[in-house]
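The data block below is entry28.txt; it holds compact mmCIF, C-alpha atoms.
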```txt
# COMPACT_ATOMS: atom_id res chain seq x y z
CA GLN A 1228 147.66 17.07 29.56
CA VAL A 1229 144.64 17.45 27.32
CA GLN A 1230 142.31 14.54 26.80
CA LEU A 1231 140.05 14.49 23.75
CA GLU A 1232 136.97 12.38 23.24
CA GLU A 1233 135.17 12.14 19.91
CA SER A 1234 131.60 11.05 19.43
CA GLY A 1235 128.90 11.10 16.79
CA GLY A 1236 130.23 8.58 14.31
CA GLY A 1237 128.09 5.85 12.83
CA LEU A 1238 126.67 4.29 9.70
CA VAL A 1239 124.92 6.54 7.21
CA GLU A 1240 123.77 6.23 3.62
CA ALA A 1241 125.45 8.21 0.88
CA GLY A 1242 124.08 11.73 0.80
CA GLY A 1243 123.37 11.70 4.50
CA SER A 1244 124.82 13.78 7.32
CA LEU A 1245 126.62 13.27 10.61
CA ARG A 1246 127.86 15.64 13.27
CA LEU A 1247 130.98 14.73 15.16
CA SER A 1248 131.86 16.24 18.51
CA CYS A 1249 135.22 16.53 20.25
CA VAL A 1250 135.17 17.29 23.95
CA ALA A 1251 138.37 18.37 25.67
CA SER A 1252 139.26 17.91 29.31
CA GLY A 1253 142.36 18.63 31.34
CA GLY A 1254 143.02 21.82 29.43
CA THR A 1255 141.47 24.88 27.85
CA LEU A 1256 140.47 24.22 24.27
CA ALA A 1257 140.63 27.92 23.44
CA ASN A 1258 144.42 27.74 23.70
CA TYR A 1259 144.68 25.31 20.81
CA VAL A 1260 144.10 24.95 17.10
CA VAL A 1261 141.66 22.10 16.58
CA ALA A 1262 141.86 19.80 13.59
CA TRP A 1263 140.09 16.75 12.30
CA PHE A 1264 141.97 14.00 10.54
CA ARG A 1265 140.72 10.74 9.12
CA GLN A 1266 142.26 7.40 8.34
CA ALA A 1267 140.81 4.73 6.11
CA PRO A 1268 142.06 1.12 6.24
CA GLY A 1269 145.44 0.76 4.61
CA GLN A 1270 145.83 4.50 4.11
CA GLU A 1271 147.77 7.24 5.83
CA ARG A 1272 146.14 9.64 8.23
CA GLU A 1273 144.68 12.49 6.19
CA PHE A 1274 144.06 16.11 7.13
CA VAL A 1275 140.40 17.06 6.85
CA THR A 1276 139.97 20.49 8.41
CA ALA A 1277 141.25 22.86 11.08
CA ILE A 1278 139.99 25.87 12.99
CA TRP A 1279 141.96 28.65 14.63
CA ARG A 1280 141.76 29.19 18.38
CA SER A 1281 139.18 31.97 18.15
CA GLY A 1282 137.29 30.24 15.38
CA GLY A 1283 137.92 33.10 12.99
CA ASN A 1284 139.96 31.07 10.51
CA THR A 1285 139.15 27.69 9.06
CA ALA A 1286 140.73 25.47 6.41
CA TYR A 1287 139.53 22.41 4.55
CA ALA A 1288 140.94 19.67 2.39
CA ASP A 1289 139.72 19.98 -1.18
CA SER A 1290 137.95 16.64 -0.88
CA VAL A 1291 135.54 17.96 1.77
CA LYS A 1292 135.29 21.63 0.90
CA GLY A 1293 131.67 22.72 0.60
CA ARG A 1294 130.39 19.60 2.38
CA PHE A 1295 132.04 19.67 5.81
CA THR A 1296 132.01 22.49 8.36
CA ILE A 1297 134.23 22.76 11.40
CA SER A 1298 133.20 24.86 14.38
CA ARG A 1299 134.01 25.24 18.04
CA ALA A 1300 132.38 26.33 21.26
CA ASN A 1301 135.27 27.29 23.49
CA ALA A 1302 133.00 27.94 26.45
CA LYS A 1303 131.99 24.27 26.24
CA ASN A 1304 135.54 23.05 25.49
CA THR A 1305 134.04 21.38 22.44
CA ALA A 1306 134.67 21.31 18.72
CA TYR A 1307 132.38 19.97 16.02
CA LEU A 1308 132.54 18.60 12.52
CA GLN A 1309 129.31 18.82 10.53
CA MET A 1310 129.47 16.45 7.59
CA ASN A 1311 126.88 16.76 4.84
CA SER A 1312 126.47 15.07 1.47
CA LEU A 1313 128.54 12.16 2.68
CA LYS A 1314 130.14 9.86 0.15
CA PRO A 1315 131.39 6.28 0.49
CA GLU A 1316 134.94 7.59 0.16
CA ASP A 1317 134.44 9.53 3.39
CA THR A 1318 134.42 6.23 5.26
CA ALA A 1319 137.22 6.29 7.83
CA VAL A 1320 138.06 6.66 11.47
CA TYR A 1321 137.87 10.36 12.29
CA TYR A 1322 140.24 11.83 14.85
CA CYS A 1323 140.18 15.12 16.68
CA ALA A 1324 143.56 16.68 17.42
CA VAL A 1325 144.84 19.88 19.01
CA GLY A 1326 148.07 21.78 18.72
CA ARG A 1327 149.64 25.04 19.75
CA HIS A 1328 150.28 26.60 16.37
CA ILE A 1329 151.03 30.14 15.33
CA LEU A 1330 148.77 31.97 12.89
CA SER A 1331 151.46 32.22 10.23
CA ASN A 1332 151.61 28.43 10.18
CA PHE A 1333 147.88 27.87 9.94
CA PRO A 1334 146.64 25.49 8.74
CA ASN A 1335 149.16 22.83 9.58
CA ALA A 1336 148.21 19.56 7.93
CA GLN A 1337 151.01 17.48 9.43
CA PRO A 1338 149.77 15.00 12.05
CA GLY A 1339 153.07 15.24 13.91
CA SER A 1340 152.47 18.89 14.70
CA TYR A 1341 149.45 18.10 16.87
CA ALA A 1342 150.22 17.30 20.48
CA TYR A 1343 147.03 15.59 21.62
CA TRP A 1344 144.66 13.19 19.92
CA GLY A 1345 141.36 11.53 20.60
CA GLN A 1346 140.76 7.82 20.21
CA GLY A 1347 138.78 8.26 17.01
CA THR A 1348 135.23 7.59 15.92
CA GLN A 1349 134.21 5.39 13.01
CA VAL A 1350 132.25 6.90 10.14
CA THR A 1351 130.88 4.48 7.56
CA VAL A 1352 129.03 5.68 4.48
CA SER A 1353 127.15 3.07 2.50
CA SER A 1354 126.50 3.40 -1.21
```
I'd like the structure from this file rewritten - as structure tokens, please.
Amino acid sequence: QVQLEESGGGLVEAGGSLRLSCVASGGTLANYVVAWFRQAPGQEREFVTAIWRSGGNTAYADSVKGRFTISRANAKNTAYLQMNSLKPEDTAVYYCAVGRHILSNFPNAQPGSYAYWGQGTQVTVSS
């Protein structure tokens, strides 16, 4: 069973940047698609971005395209989410998730298709 641990969240002013990390243990991250989701209070969990196992394919929600960058370092069993030009509407708990998806079904934005999840890290952007 894969365990995921996110870190790097915090409070930042609008326009600022944060870098989230997701460290996997108990499994080989290279075997999985990695995605980031976020959930704001009172809202459903929302797909943010995903990266293919090799890192060669990425996908982003329109709301973050051009501002966020997902990457991975399989040798370190770690994935990252670089968030630039943050906006107050980016405020949410950010979750790392992994799933065994096939390339023809990438990206999969459905939370239920991801087998393992981290506990989440809070990102708060002040205006």
inquiry  = Quick one: residues within 8 Å of region 1295-1307 of chain A, only C-alpha atoms, excluding same-chain residues fewer than 5 positions away - as a VMD selection string?
reply    = chain A and resid 1246 to 1252 1255 to 1257 1261 1276 to 1278 1282 1285
ask   = Which residues come within 9 Å of Trp1279 (chain A), counting only C-alpha atoms, excluding same-chain residues fewer than 6 positions away, as a VMD selection string?
value = chain A and resid 1257 1259 to 1262 1285 to 1286 1328 1330 1333 to 1334
ask   = Hey, which of A:Leu1231, A:Val1350, A:Val1275, A:Leu1238 ends up closest to Gln1337 (chain A)? Count all atoms listed in the file.
value =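 Closest to Gln1337 (chain A) of all the choices is A:Val1275.
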key: Distance in Å - CA of Ser1244 (chain A) versus CA of Phe1274 (chain A)   =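 So the two atoms, CA of Ser1244 (chain A) and CA of Phe1274 (chain A), lie 19.4 Å apart.
Atom pair CA of Gly1254 (chain A) / CA of Gly1326 (chain A): separated by 11.8 Å.
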ask   = Looking at A:Ser1331, A:Gln1349, A:Ser1354, A:Gln1270, which one is nearest to Glu1233 (chain A), with distances taken over all atoms listed in the file?
value = A:Gln1349
request  = One decimal, Å: what's the distance from CA of Arg1272 (chain A) over to CA of Cys1323 (chain A), could you say?
outcome  =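 So the answer is 11.7 Å.
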Selected residue of minimal separation from Pro1315 (chain A) among A:Tyr1343, A:Gly1283, A:Gly1269, A:Glu1240, counting all atoms listed in the file =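 Smallest distance to Pro1315 (chain A) is found for A:Glu1240.
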key: Nearest to Glu1316 (chain A), chosen from A:Gly1235, A:Val1291, A:Arg1280, A:Ile1329, with only C-alpha atoms counted in the distances   =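 Smallest distance to Glu1316 (chain A) is found for A:Val1291.
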